[in-house]
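To be precise, the following lines are run19.cif, and they hold mmCIF, C-alpha atoms and all ligand atoms.
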```
data_final
#
loop_
_atom_site.label_atom_id
_atom_site.label_comp_id
_atom_site.auth_asym_id
_atom_site.auth_seq_id
_atom_site.Cartn_x
_atom_site.Cartn_y
_atom_site.Cartn_z
CA MET A 1 -173.60 -22.68 67.84
CA THR A 2 -176.98 -24.06 68.94
CA ALA A 3 -179.60 -24.34 66.20
CA TYR A 4 -182.19 -21.58 66.59
CA PRO A 5 -185.21 -23.90 66.77
CA LYS A 6 -183.55 -25.67 69.73
CA MET A 7 -182.86 -22.47 71.70
CA THR A 8 -184.90 -21.39 74.70
CA ARG A 9 -186.83 -18.11 74.55
CA GLU A 10 -184.16 -16.39 76.64
CA GLU A 11 -181.36 -17.65 74.41
CA LEU A 12 -183.25 -16.46 71.34
CA GLN A 13 -183.78 -13.02 72.84
CA LYS A 14 -180.09 -12.75 73.68
CA GLU A 15 -179.11 -13.85 70.19
CA TYR A 16 -181.58 -11.38 68.68
CA ALA A 17 -179.98 -8.52 70.60
CA ALA A 18 -176.54 -9.52 69.31
CA VAL A 19 -177.67 -9.95 65.70
CA SER A 20 -179.64 -6.67 65.75
CA GLN A 21 -176.53 -4.86 66.89
CA LYS A 22 -174.63 -6.26 63.91
CA PHE A 23 -177.49 -5.18 61.67
CA GLN A 24 -177.34 -1.60 62.99
CA LYS A 25 -173.58 -1.47 62.33
CA LEU A 26 -174.08 -2.71 58.78
CA LYS A 27 -176.85 -0.17 58.21
CA GLU A 28 -174.58 2.65 59.33
CA GLN A 29 -172.10 1.71 56.59
CA GLY A 30 -174.58 3.05 54.01
CA LEU A 31 -174.03 0.07 51.70
CA LYS A 32 -175.40 0.02 48.16
CA LEU A 33 -175.16 -3.57 46.92
CA ASN A 34 -177.17 -5.53 44.40
CA MET A 35 -177.85 -9.26 44.14
CA ALA A 36 -181.16 -8.87 42.30
CA ARG A 37 -180.78 -9.94 38.70
CA GLY A 38 -178.68 -12.47 36.86
CA LYS A 39 -176.46 -10.07 34.99
CA PRO A 40 -172.88 -10.87 34.02
CA GLY A 41 -170.31 -8.75 35.85
CA LYS A 42 -168.03 -6.17 34.26
CA ILE A 43 -165.09 -8.59 34.05
CA GLN A 44 -167.23 -10.92 31.92
CA LEU A 45 -168.40 -8.08 29.68
CA ASP A 46 -164.83 -6.83 29.21
CA MET A 47 -163.72 -10.38 28.48
CA VAL A 48 -165.97 -10.65 25.40
CA SER A 49 -165.88 -7.07 24.14
CA ASP A 50 -163.33 -7.99 21.48
CA ILE A 51 -166.42 -9.28 19.68
CA PHE A 52 -166.63 -5.74 18.30
CA ASP A 53 -163.30 -6.20 16.49
CA VAL A 54 -164.25 -9.12 14.26
CA PHE A 55 -165.16 -7.15 11.12
CA LYS A 56 -161.93 -6.31 9.35
CA THR A 57 -162.80 -6.21 5.65
CA PRO A 58 -166.05 -5.79 3.65
CA GLU A 59 -165.90 -9.53 2.85
CA ASP A 60 -166.43 -10.27 6.53
CA TYR A 61 -170.02 -9.06 6.14
CA VAL A 62 -170.73 -11.79 3.60
CA SER A 63 -171.71 -15.22 4.84
CA ASP A 64 -172.68 -18.13 2.55
CA GLY A 65 -173.09 -15.53 -0.19
CA VAL A 66 -175.49 -13.45 1.96
CA ASP A 67 -174.57 -9.81 2.62
CA CYS A 68 -175.66 -9.57 6.22
CA ARG A 69 -175.87 -5.77 6.04
CA ASN A 70 -178.90 -5.97 3.79
CA TYR A 71 -182.52 -7.08 4.14
CA GLY A 72 -183.28 -10.77 3.76
CA GLU A 73 -182.97 -14.16 5.46
CA LEU A 74 -185.89 -13.62 7.85
CA SER A 75 -185.19 -16.84 9.74
CA GLY A 76 -181.52 -15.98 10.22
CA LEU A 77 -178.11 -16.36 8.62
CA PRO A 78 -177.49 -20.01 7.68
CA ALA A 79 -174.18 -19.93 9.57
CA ALA A 80 -175.92 -18.66 12.74
CA LYS A 81 -178.49 -21.45 12.40
CA ARG A 82 -175.68 -23.99 12.11
CA LEU A 83 -174.01 -22.59 15.22
CA PHE A 84 -177.16 -22.83 17.37
CA ALA A 85 -178.07 -26.22 15.86
CA GLU A 86 -174.66 -27.59 16.78
CA ILE A 87 -175.05 -26.28 20.35
CA LEU A 88 -178.63 -27.52 20.78
CA GLY A 89 -178.14 -30.80 18.91
CA CYS A 90 -180.96 -30.13 16.43
CA LYS A 91 -180.98 -29.52 12.66
CA PRO A 92 -180.10 -26.07 11.23
CA GLU A 93 -183.41 -25.95 9.34
CA GLN A 94 -185.21 -26.23 12.69
CA VAL A 95 -183.57 -23.03 13.96
CA PHE A 96 -184.93 -19.49 13.71
CA VAL A 97 -182.32 -16.92 14.69
CA GLY A 98 -183.85 -13.78 16.15
CA GLY A 99 -182.75 -10.55 17.75
CA ASN A 100 -181.12 -9.76 21.04
CA ALA A 101 -183.62 -11.49 23.37
CA SER A 102 -184.99 -15.02 23.49
CA LEU A 103 -187.69 -13.73 25.84
CA GLN A 104 -189.10 -11.71 22.96
CA LEU A 105 -189.27 -14.83 20.76
CA MET A 106 -191.09 -16.66 23.57
CA TYR A 107 -193.54 -13.79 24.02
CA ASP A 108 -194.03 -13.57 20.27
CA THR A 109 -194.78 -17.28 19.87
CA ILE A 110 -197.43 -17.19 22.60
CA SER A 111 -198.86 -13.93 21.30
CA LYS A 112 -199.28 -15.56 17.88
CA ALA A 113 -201.16 -18.43 19.51
CA VAL A 114 -203.49 -15.83 21.05
CA THR A 115 -204.01 -13.78 17.90
CA HIS A 116 -203.82 -16.46 15.19
CA GLY A 117 -203.74 -19.84 16.90
CA MET A 118 -200.99 -22.44 16.46
CA LEU A 119 -200.63 -25.11 13.80
CA HIS A 120 -203.08 -27.52 15.48
CA SER A 121 -205.43 -24.97 17.08
CA GLU A 122 -209.16 -25.09 16.45
CA LYS A 123 -209.26 -21.31 16.84
CA PRO A 124 -207.05 -18.45 18.04
CA TRP A 125 -206.57 -18.69 21.79
CA GLY A 126 -208.03 -15.23 22.15
CA LYS A 127 -211.36 -16.80 21.26
CA GLU A 128 -211.05 -19.51 23.89
CA GLU A 129 -213.11 -19.17 27.07
CA HIS A 130 -210.31 -19.90 29.51
CA ILE A 131 -206.66 -20.91 29.19
CA LYS A 132 -204.46 -22.49 31.82
CA TRP A 133 -200.68 -22.71 31.81
CA LEU A 134 -198.35 -24.96 33.82
CA CYS A 135 -195.66 -23.16 35.78
CA PRO A 136 -193.05 -25.29 37.53
CA ALA A 137 -192.15 -23.28 40.63
CA PRO A 138 -189.88 -21.91 41.91
CA GLY A 139 -189.25 -20.65 38.38
CA TYR A 140 -188.39 -17.64 36.23
CA ASP A 141 -190.51 -14.62 37.08
CA ARG A 142 -190.54 -13.24 33.53
CA HIS A 143 -191.95 -16.49 32.16
CA PHE A 144 -194.83 -16.31 34.61
CA LYS A 145 -195.44 -12.64 33.79
CA VAL A 146 -195.68 -13.38 30.03
CA THR A 147 -198.45 -15.94 30.46
CA GLU A 148 -200.14 -13.87 33.18
CA SER A 149 -200.17 -10.84 30.86
CA PHE A 150 -202.25 -12.78 28.31
CA GLY A 151 -204.82 -13.56 31.01
CA PHE A 152 -203.99 -17.27 31.30
CA GLU A 153 -204.57 -18.95 34.65
CA LEU A 154 -201.20 -19.96 36.05
CA VAL A 155 -201.11 -23.45 37.55
CA THR A 156 -198.23 -24.09 39.94
CA ILE A 157 -196.38 -27.38 39.44
CA PRO A 158 -193.96 -28.25 42.25
CA MET A 159 -190.31 -28.68 41.30
CA THR A 160 -188.49 -31.83 42.41
CA ALA A 161 -184.78 -32.59 42.27
CA ASP A 162 -185.44 -34.23 38.86
CA GLY A 163 -187.48 -31.38 37.37
CA PRO A 164 -191.22 -30.68 37.45
CA ASP A 165 -193.44 -33.12 39.38
CA MET A 166 -194.50 -35.23 36.41
CA ASP A 167 -197.40 -36.91 38.22
CA ALA A 168 -198.90 -33.45 38.69
CA VAL A 169 -198.16 -32.52 35.05
CA GLU A 170 -199.68 -35.72 33.63
CA GLN A 171 -202.81 -35.15 35.70
CA ALA A 172 -203.09 -31.47 34.69
CA ILE A 173 -202.77 -32.02 30.92
CA LYS A 174 -205.94 -34.13 30.90
CA ASP A 175 -207.72 -30.76 30.98
CA SER A 176 -208.00 -29.39 27.42
CA SER A 177 -207.85 -25.79 28.66
CA VAL A 178 -204.24 -26.46 29.76
CA LYS A 179 -202.40 -25.16 26.69
CA GLY A 180 -198.77 -25.09 27.66
CA MET A 181 -195.95 -25.33 30.12
CA TRP A 182 -192.78 -23.40 30.95
CA ASN A 183 -189.49 -25.27 31.31
CA VAL A 184 -185.88 -24.37 32.00
CA PRO A 185 -184.48 -27.90 31.58
CA LYS A 186 -180.82 -27.34 32.41
CA TYR A 187 -179.69 -25.36 35.46
CA SER A 188 -183.20 -24.08 36.09
CA ASN A 189 -183.78 -20.56 37.28
CA PRO A 190 -183.52 -20.26 40.29
CA GLN A 191 -182.65 -23.76 41.64
CA GLY A 192 -180.07 -24.92 39.11
CA ILE A 193 -181.94 -28.20 38.66
CA VAL A 194 -181.12 -30.37 35.65
CA TYR A 195 -184.12 -32.36 34.40
CA SER A 196 -183.48 -36.10 34.64
CA ASP A 197 -183.64 -38.33 31.53
CA GLU A 198 -186.81 -39.90 32.90
CA THR A 199 -188.47 -36.48 33.35
CA ILE A 200 -187.50 -35.55 29.79
CA ARG A 201 -188.89 -38.85 28.48
CA ARG A 202 -192.18 -38.30 30.32
CA ILE A 203 -192.41 -34.72 29.03
CA ALA A 204 -191.57 -35.62 25.42
CA SER A 205 -194.14 -38.45 25.42
CA MET A 206 -196.99 -36.46 27.02
CA LYS A 207 -200.40 -36.76 25.45
CA PRO A 208 -202.08 -33.46 26.37
CA ALA A 209 -205.82 -33.13 25.80
CA ALA A 210 -205.19 -29.79 24.03
CA PRO A 211 -204.13 -30.55 20.41
CA ASP A 212 -202.15 -27.30 20.32
CA PHE A 213 -200.32 -27.71 23.65
CA MET A 214 -197.06 -25.68 23.67
CA LEU A 215 -194.04 -27.10 25.43
CA MET A 216 -191.89 -24.04 26.06
CA TRP A 217 -188.33 -25.34 26.44
CA ASP A 218 -186.19 -22.41 27.50
CA ASN A 219 -182.66 -23.75 27.34
CA ALA A 220 -181.24 -20.44 28.57
CA TYR A 221 -178.43 -22.12 30.54
CA CYS A 222 -177.62 -25.00 28.19
CA ILE A 223 -173.86 -24.37 28.13
CA HIS A 224 -173.54 -22.40 31.37
CA GLU A 225 -171.51 -24.69 33.64
CA LEU A 226 -170.06 -23.10 36.78
CA GLU A 227 -167.67 -25.95 37.45
CA GLY A 228 -166.52 -29.14 35.80
CA ASN A 229 -166.96 -30.20 32.22
CA PHE A 230 -169.83 -29.45 29.88
CA LEU A 231 -172.84 -31.58 30.74
CA PRO A 232 -174.45 -32.95 27.56
CA PHE A 233 -178.22 -32.63 27.23
CA LYS A 234 -180.86 -34.26 25.06
CA ASP A 235 -182.19 -32.69 21.87
CA ILE A 236 -185.78 -32.11 22.91
CA LEU A 237 -186.94 -31.73 19.31
CA SER A 238 -185.99 -35.28 18.32
CA GLU A 239 -187.18 -36.61 21.71
CA CYS A 240 -190.65 -35.14 21.10
CA ALA A 241 -190.65 -36.32 17.47
CA LYS A 242 -189.89 -39.85 18.69
CA TYR A 243 -193.24 -39.88 20.51
CA GLY A 244 -195.24 -38.25 17.71
CA ASN A 245 -195.03 -34.81 19.37
CA ALA A 246 -192.81 -32.99 16.84
CA ASP A 247 -195.06 -29.92 16.69
CA MET A 248 -195.56 -29.64 20.47
CA VAL A 249 -192.15 -28.19 21.36
CA PHE A 250 -190.53 -24.76 21.05
CA GLU A 251 -186.97 -24.47 22.28
CA TYR A 252 -185.19 -21.20 23.02
CA ALA A 253 -181.63 -20.12 23.73
CA SER A 254 -179.52 -17.01 23.43
CA THR A 255 -176.03 -15.65 23.81
CA SER A 256 -177.13 -13.18 26.49
CA LYS A 257 -174.82 -14.87 28.98
CA VAL A 258 -172.28 -16.06 26.44
CA THR A 259 -171.45 -12.69 24.91
CA LEU A 260 -173.54 -9.64 25.86
CA PRO A 261 -177.02 -9.48 27.39
CA GLY A 262 -178.95 -6.96 25.34
CA ALA A 263 -176.52 -7.18 22.43
CA GLY A 264 -176.42 -10.92 21.83
CA ILE A 265 -178.44 -13.12 19.48
CA SER A 266 -181.29 -15.48 20.27
CA CYS A 267 -182.93 -18.48 18.68
CA MET A 268 -186.06 -20.58 18.59
CA ALA A 269 -185.91 -24.19 17.46
CA CYS A 270 -189.05 -26.02 16.37
CA SER A 271 -190.36 -28.56 13.86
CA GLU A 272 -190.13 -27.70 10.16
CA ALA A 273 -193.95 -27.48 10.05
CA ASN A 274 -194.01 -24.95 12.90
CA MET A 275 -191.13 -23.09 11.26
CA ALA A 276 -193.10 -22.71 8.02
CA TYR A 277 -196.21 -21.57 9.92
CA LEU A 278 -194.41 -19.10 12.18
CA THR A 279 -192.08 -17.56 9.59
CA LYS A 280 -195.11 -16.73 7.49
CA LEU A 281 -196.56 -14.77 10.42
CA MET A 282 -193.18 -13.29 11.39
CA GLY A 283 -192.66 -12.01 7.86
CA ILE A 284 -195.52 -9.60 8.44
CA GLN A 285 -193.95 -7.96 11.46
CA ILE A 286 -190.28 -7.83 10.41
CA ILE A 287 -188.26 -8.02 7.18
CA SER A 288 -185.21 -9.48 8.88
CA TYR A 289 -183.44 -9.38 12.23
CA ASP A 290 -179.99 -7.88 12.84
CA LYS A 291 -177.85 -10.20 10.73
CA VAL A 292 -174.75 -8.06 11.25
CA ASN A 293 -174.88 -9.09 14.88
CA GLN A 294 -175.58 -12.68 13.86
CA GLN A 295 -172.47 -12.64 11.67
CA ARG A 296 -170.46 -10.95 14.43
CA HIS A 297 -171.41 -13.86 16.68
CA VAL A 298 -170.62 -16.48 14.04
CA LEU A 299 -167.16 -15.00 13.51
CA TYR A 300 -166.56 -14.63 17.24
CA LEU A 301 -167.95 -17.88 18.62
CA LYS A 302 -167.01 -20.00 15.58
CA ASP A 303 -168.47 -23.33 16.69
CA ARG A 304 -169.62 -25.33 19.71
CA ALA A 305 -166.15 -26.34 20.88
CA HIS A 306 -164.85 -22.76 20.70
CA THR A 307 -167.99 -21.48 22.47
CA LEU A 308 -167.54 -24.03 25.26
CA GLU A 309 -163.98 -22.78 25.76
CA LEU A 310 -165.34 -19.27 26.26
CA MET A 311 -167.90 -20.64 28.73
CA LYS A 312 -165.03 -22.09 30.79
CA ARG A 313 -163.57 -18.60 31.02
CA HIS A 314 -166.93 -17.28 32.22
CA ALA A 315 -166.99 -20.09 34.79
CA GLY A 316 -163.55 -18.99 35.96
CA VAL A 317 -165.06 -15.62 36.90
CA LEU A 318 -168.43 -16.85 38.17
CA GLY A 319 -167.29 -19.93 40.11
CA PRO A 320 -165.54 -17.97 42.91
CA LYS A 321 -168.60 -15.69 43.23
CA PHE A 322 -170.96 -18.61 43.67
CA ARG A 323 -168.59 -20.25 46.12
CA ALA A 324 -168.40 -17.00 48.12
CA VAL A 325 -172.18 -17.18 48.53
CA THR A 326 -172.58 -20.87 49.28
CA ASP A 327 -169.51 -21.06 51.55
CA THR A 328 -170.85 -18.17 53.65
CA LEU A 329 -174.30 -19.73 53.88
CA ASP A 330 -172.76 -23.11 54.77
CA ARG A 331 -170.72 -21.48 57.53
CA GLU A 332 -173.16 -18.90 58.89
CA ILE A 333 -176.61 -20.38 58.38
CA ALA A 334 -176.26 -24.18 58.19
CA PRO A 335 -175.55 -24.71 61.93
CA LEU A 336 -178.62 -22.61 62.83
CA GLU A 337 -181.07 -24.87 60.96
CA ILE A 338 -183.12 -21.97 59.65
CA GLY A 339 -182.84 -22.60 55.92
CA SER A 340 -181.52 -24.63 53.03
CA TRP A 341 -180.01 -23.59 49.72
CA THR A 342 -178.76 -24.98 46.45
CA HIS A 343 -175.13 -25.57 45.45
CA PRO A 344 -175.66 -25.18 41.70
CA LYS A 345 -173.24 -26.63 39.16
CA GLY A 346 -174.41 -24.19 36.51
CA GLY A 347 -176.76 -21.35 35.68
CA TYR A 348 -176.95 -17.96 37.34
CA PHE A 349 -178.64 -18.36 40.71
CA VAL A 350 -178.57 -19.77 44.20
CA SER A 351 -182.02 -20.59 45.54
CA PHE A 352 -182.45 -20.05 49.28
CA ASP A 353 -185.35 -21.42 51.31
CA GLY A 354 -185.68 -19.81 54.70
CA MET A 355 -188.10 -20.77 57.46
CA THR A 356 -191.75 -20.50 56.43
CA GLY A 357 -192.96 -16.93 56.65
CA THR A 358 -189.54 -15.25 56.69
CA ALA A 359 -188.66 -14.40 53.06
CA LYS A 360 -190.43 -11.03 52.87
CA ARG A 361 -189.08 -9.93 56.23
CA THR A 362 -185.52 -11.02 55.33
CA LEU A 363 -185.64 -9.01 52.11
CA ALA A 364 -187.17 -5.96 53.79
CA LEU A 365 -184.26 -6.01 56.24
CA CYS A 366 -181.75 -6.42 53.38
CA LYS A 367 -183.25 -3.37 51.70
CA GLU A 368 -182.98 -1.37 54.91
CA ALA A 369 -179.29 -2.29 55.04
CA GLY A 370 -178.72 -1.29 51.40
CA VAL A 371 -178.77 -4.71 49.72
CA THR A 372 -181.16 -5.07 46.77
CA MET A 373 -182.43 -8.59 46.06
CA THR A 374 -185.10 -10.11 43.79
CA GLY A 375 -188.48 -9.50 45.46
CA ALA A 376 -189.90 -12.22 47.71
CA GLY A 377 -192.44 -14.34 45.87
CA ALA A 378 -191.02 -13.46 42.43
CA THR A 379 -190.14 -17.09 41.78
CA PHE A 380 -193.81 -18.14 42.03
CA PRO A 381 -196.84 -17.52 39.78
CA TYR A 382 -198.52 -14.17 40.50
CA GLY A 383 -195.50 -13.26 42.64
CA VAL A 384 -196.95 -15.13 45.62
CA ASP A 385 -194.88 -17.74 47.40
CA PRO A 386 -197.39 -19.74 49.46
CA ASN A 387 -194.74 -20.45 52.09
CA ASP A 388 -193.05 -17.04 51.95
CA SER A 389 -189.72 -18.84 52.15
CA ASN A 390 -187.96 -18.80 48.74
CA ILE A 391 -185.34 -16.18 47.93
CA ARG A 392 -183.40 -16.00 44.68
CA ILE A 393 -179.78 -14.95 45.10
CA ALA A 394 -177.99 -13.66 41.99
CA PRO A 395 -174.24 -13.61 42.68
CA SER A 396 -173.02 -12.78 39.15
CA LEU A 397 -173.00 -8.98 39.01
CA PRO A 398 -171.08 -7.63 42.04
CA PRO A 399 -167.31 -8.01 42.31
CA VAL A 400 -166.30 -10.69 44.85
CA GLU A 401 -165.51 -8.18 47.66
CA GLU A 402 -168.92 -6.49 47.32
CA LEU A 403 -170.60 -9.85 47.08
CA THR A 404 -168.96 -10.99 50.30
CA SER A 405 -170.36 -7.92 52.11
CA ALA A 406 -173.78 -8.42 50.54
CA VAL A 407 -173.97 -12.07 51.62
CA ALA A 408 -172.85 -11.13 55.13
CA VAL A 409 -175.75 -8.66 55.28
CA PHE A 410 -178.11 -11.30 53.91
CA CYS A 411 -177.09 -13.78 56.63
CA VAL A 412 -177.67 -11.24 59.41
CA CYS A 413 -181.11 -10.40 57.97
CA ALA A 414 -182.08 -14.08 57.58
CA LYS A 415 -181.06 -14.67 61.20
CA MET A 416 -183.13 -11.73 62.46
CA ALA A 417 -186.19 -12.79 60.48
CA ALA A 418 -185.89 -16.38 61.74
CA ILE A 419 -185.59 -15.36 65.39
CA GLU A 420 -188.56 -12.99 65.07
CA LYS A 421 -190.61 -15.86 63.65
CA LEU A 422 -189.52 -18.24 66.40
CA LEU A 423 -190.31 -15.68 69.09
CA GLU A 424 -193.82 -15.25 67.65
CA LYS A 425 -194.66 -18.77 68.74
C1 LIG A 501 -184.55 -18.82 32.22
C2 LIG A 501 -184.28 -17.57 31.48
N1 LIG A 501 -184.73 -17.41 30.24
C3 LIG A 501 -184.51 -16.29 29.54
C4 LIG A 501 -183.81 -15.25 30.06
C5 LIG A 501 -183.61 -14.02 29.25
O1 LIG A 501 -182.97 -14.35 28.06
P1 LIG A 501 -182.76 -13.33 26.87
O2 LIG A 501 -181.77 -12.32 27.30
O3 LIG A 501 -182.30 -14.18 25.75
O4 LIG A 501 -184.11 -12.71 26.60
C6 LIG A 501 -183.30 -15.36 31.37
C7 LIG A 501 -182.56 -14.24 31.98
O5 LIG A 501 -182.30 -14.20 33.14
C8 LIG A 501 -183.55 -16.54 32.09
O6 LIG A 501 -183.11 -16.70 33.33
#
```

Would you put the structure from the file into structure tokens?
Amino acid sequence: MTAYPKMTREELQKEYAAVSQKFQKLKEQGLKLNMARGKPGKIQLDMVSDIFDVFKTPEDYVSDGVDCRNYGELSGLPAAKRLFAEILGCKPEQVFVGGNASLQLMYDTISKAVTHGMLHSEKPWGKEEHIKWLCPAPGYDRHFKVTESFGFELVTIPMTADGPDMDAVEQAIKDSSVKGMWNVPKYSNPQGIVYSDETIRRIASMKPAAPDFMLMWDNAYCIHELEGNFLPFKDILSECAKYGNADMVFEYASTSKVTLPGAGISCMACSEANMAYLTKLMGIQIISYDKVNQQRHVLYLKDRAHTLELMKRHAGVLGPKFRAVTDTLDREIAPLEIGSWTHPKGGYFVSFDGMTGTAKRTLALCKEAGVTMTGAGATFPYGVDPNDSNIRIAPSLPPVEELTSAVAVFCVCAKMAAIEKLLEK
């Protein structure tokens, strides 16, 4: 197959006619497929639903002498703290175990900075003239929305194969109105990038002009390998402490994609000083989180080694789905030279970059053919991709057969959009 950019106008027109015909046939099938959000599939949910069988006797509700059915232990069950600390490589006393969503803990931390200020703030951020926030992009749309919702100016930082462009970050943090930065350090959403040791060193040793700079370290995919063995990662809390930045970092994780999204448990890890400051504020809004669920998770997941075994079983389900996507793209799109995509080793997404100016059109065509995808631009601050080229593919939810059909539709749509663009010239 000749690459599209090398085809003559006549060849492109002929190819467009053929691809459009395929598109019409697909449309007539009345498909209803979804590759929009990174949700575990039914097989994965069924696989972990024995988590509801762990309570056998009333003693099972008691952990380290704490009856988890009652009020108390605002910062979480000690055993749940130990479990997350073992996974993240930090100390149990640095862990706050929350409810069913780490996103809520992230939102809450930033909202406290706005209303009350952080440990080293001169004043609550709400009283600041203007706040800027660093957003490595492509990135997680919900992160960007959180900081946008507080009225911060979102500053795009390009992603490299090693993580955020640190030259750009180091330049940006000289501005004292730059108060924080989003990070997904392992298997980033959507590219599956793992930050290099050098990037982590440069981040941990940053000297931001803002004394209350918040390094948001969302380790959402810290144990979410798709293939191969568990990839160890650095404890960001001790890395930051090493450079005198102990209070700069807030790390987050959850069991949303270990057990059940929406019914899992989440955590925030931070310095002991931040923990003391934040728990005091938290204690005003909640007496304690759902410790029954925390205990359910402790009994079910047991420890890091046992949790990693479960993650291998998830990988057994997810791996073939990811391969179905990347194999099809490799076969159908690679020879045409109209895009590139990631082959992630972990996480929940494949990131596709089409020709400049084709992402919106590709997704509009997908929608017409009954395939729902994450909106174009979602992976960039303010939902605007300056190149209109990045598309996030989420292969986890549909069964493999449905996924195969959905990717086939996607390829046809990407081809049509690319030819239309080439014919514009
Ligand atoms: C990077 C990242 N962080 C956080 C979340 C949401 O986590 P939780 O369910 O713990 O709120 C997601 C979900 O897709 C994610 O991709």

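Each of A:Thr156, A:Ser340, A:Ser266, A:Thr379 was compared to Ser75 in chain A using all atoms listed in the file, and A:Ser266 turns out to be the nearest.
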
Write out as a list in words each polymer residue whose atoms come within 10 Å of Ala305 in chain A, counting all atoms listed in the file; drop sequence neighbours fewer than 4 positions from it.
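Final neighbour list, sorted by chain and number: Glu86, Ile87, Leu301, Glu309, Leu310 and Met311 of chain A.
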
Residue subset to file, keeping C-alpha atoms, as a short mmCIF file (atom, residue, chain, number, x, y, z; two decimals), in the frame of the given file:
```
data_model
loop_
_atom_site.label_atom_id
_atom_site.label_comp_id
_atom_site.auth_asym_id
_atom_site.auth_seq_id
_atom_site.Cartn_x
_atom_site.Cartn_y
_atom_site.Cartn_z
CA GLU A 86 -174.66 -27.59 16.78
CA ILE A 87 -175.05 -26.28 20.35
CA LEU A 301 -167.95 -17.88 18.62
CA GLU A 309 -163.98 -22.78 25.76
CA LEU A 310 -165.34 -19.27 26.26
CA MET A 311 -167.90 -20.64 28.73
#
```

What does the structure give for the distance between CA of Leu329 in chain A and CA of Gly41 in chain A, in Å to one decimal?
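Spanning CA of Leu329 in chain A to CA of Gly41 in chain A is a straight-line distance of 21.5 Å.
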
Give me, as a ChimeraX atom specification, the set of residues whose atoms come within 10 Å of any atom of ligand LIG 501 (chain A), counting all atoms listed in the file.
/A:37-39,98-107,139-143,182-190,217-221,252-257,260-267,347-349,394

Leaving out Glu122 in chain A and any residue of its chain fewer than 4 positions from it, which residues lie within 10 Å of it when counting only C-alpha atoms, given as a compact mmCIF listing (two decimals) with C-alpha atoms, keeping the file's coordinate frame?
```txt
# COMPACT_ATOMS: atom_id res chain seq x y z
CA GLY A 117 -203.74 -19.84 16.90
CA MET A 118 -200.99 -22.44 16.46
CA LYS A 127 -211.36 -16.80 21.26
CA GLU A 128 -211.05 -19.51 23.89
CA ALA A 210 -205.19 -29.79 24.03
CA PRO A 211 -204.13 -30.55 20.41
CA ASP A 212 -202.15 -27.30 20.32
```

May I have the residues within 6 Å of range 354-362 of chain A as a list in words, using all atoms listed in the file and disregarding those fewer than 3 positions away in the same chain?
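Once the adjacent positions are removed, what remains is Ile338, Gly339, Leu365, Ala376, Asn387, Asp388, Ser389, Cys413, Ala414 and Ala417 of chain A.
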
Write out as a list in words each polymer residue whose atoms come within 8 Å of Asp235 in chain A, counting all atoms listed in the file; drop sequence neighbours fewer than 6 positions from it.
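What passes the distance filter is Leu88, Gly89 and Cys90 of chain A.
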
Quick check, in Å to one decimal: how far apart do CA of Leu308 in chain A and CA of Ala79 in chain A lie?
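Between CA of Leu308 in chain A and CA of Ala79 in chain A the gap works out to 17.5 Å.
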
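Ranking A:Gly383, A:Gly319, A:Pro208, A:Pro344 by their shortest atom-to-atom distance to Asn245 in chain A, with only C-alpha atoms included, puts A:Pro208 first.
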
Hey, which of A:Ile236, A:Ala137, A:Val169, A:Val292 ends up closest to Gly377 in chain A? Count only C-alpha atoms.
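When distances to Gly377 in chain A are compared using only C-alpha atoms, the smallest one comes from A:Ala137.
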
For CA of Arg304 in chain A and CA of Cys270 in chain A, determine how far apart the two atoms are, in Å to one decimal place.
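Distance between the two atoms: 19.7 Å.
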
Given all atoms listed in the file as the basis, pick out the residue of A:Asp175, A:Glu73, A:Glu332, A:Met282 nearest to Thr2 in chain A.
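Nearest candidate to Thr2 in chain A out of A:Asp175, A:Glu73, A:Glu332, A:Met282: A:Glu332.
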
Can you list, as a PyMOL selection string, every protein, DNA or RNA residue that comes within 9 Å of Met275 in chain A when you count all atoms listed in the file, leaving out same-chain residues fewer than 5 positions away?
chain A and resi 75+93-96+269-270+280

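Taking all atoms listed in the file into account, Trp341 in chain A lies nearest to A:Gly192 out of the set A:Arg313, A:Met248, A:Gly192, A:Lys6.
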
Restricting the calculation to only C-alpha atoms: of A:Ile284, A:Val249, A:Val62, A:Cys366, which residue gets closest to Met268 in chain A?
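Between A:Ile284, A:Val249, A:Val62, A:Cys366, the residue approaching Met268 in chain A most closely is A:Val249.
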
Output, as JSON, the centre and edge lengths in Å (one decimal) of the axis-aligned box that contains all listed atoms of range 337-351 of chain A with 4 Å of margin on each side.
```
{"center_x": -178.2, "center_y": -22.3, "center_z": 48.3, "size_x": 17.9, "size_y": 16.7, "size_z": 33.3}
```

Kindly provide, as a ChimeraX atom specification, the polymer residues lying within 12 Å of (-168.3, -17.8, 38.2), counting all atoms listed in the file and using the coordinates exactly as they appear in the file.
/A:38-41,43-44,224-228,257,311-325,344-349,394-400
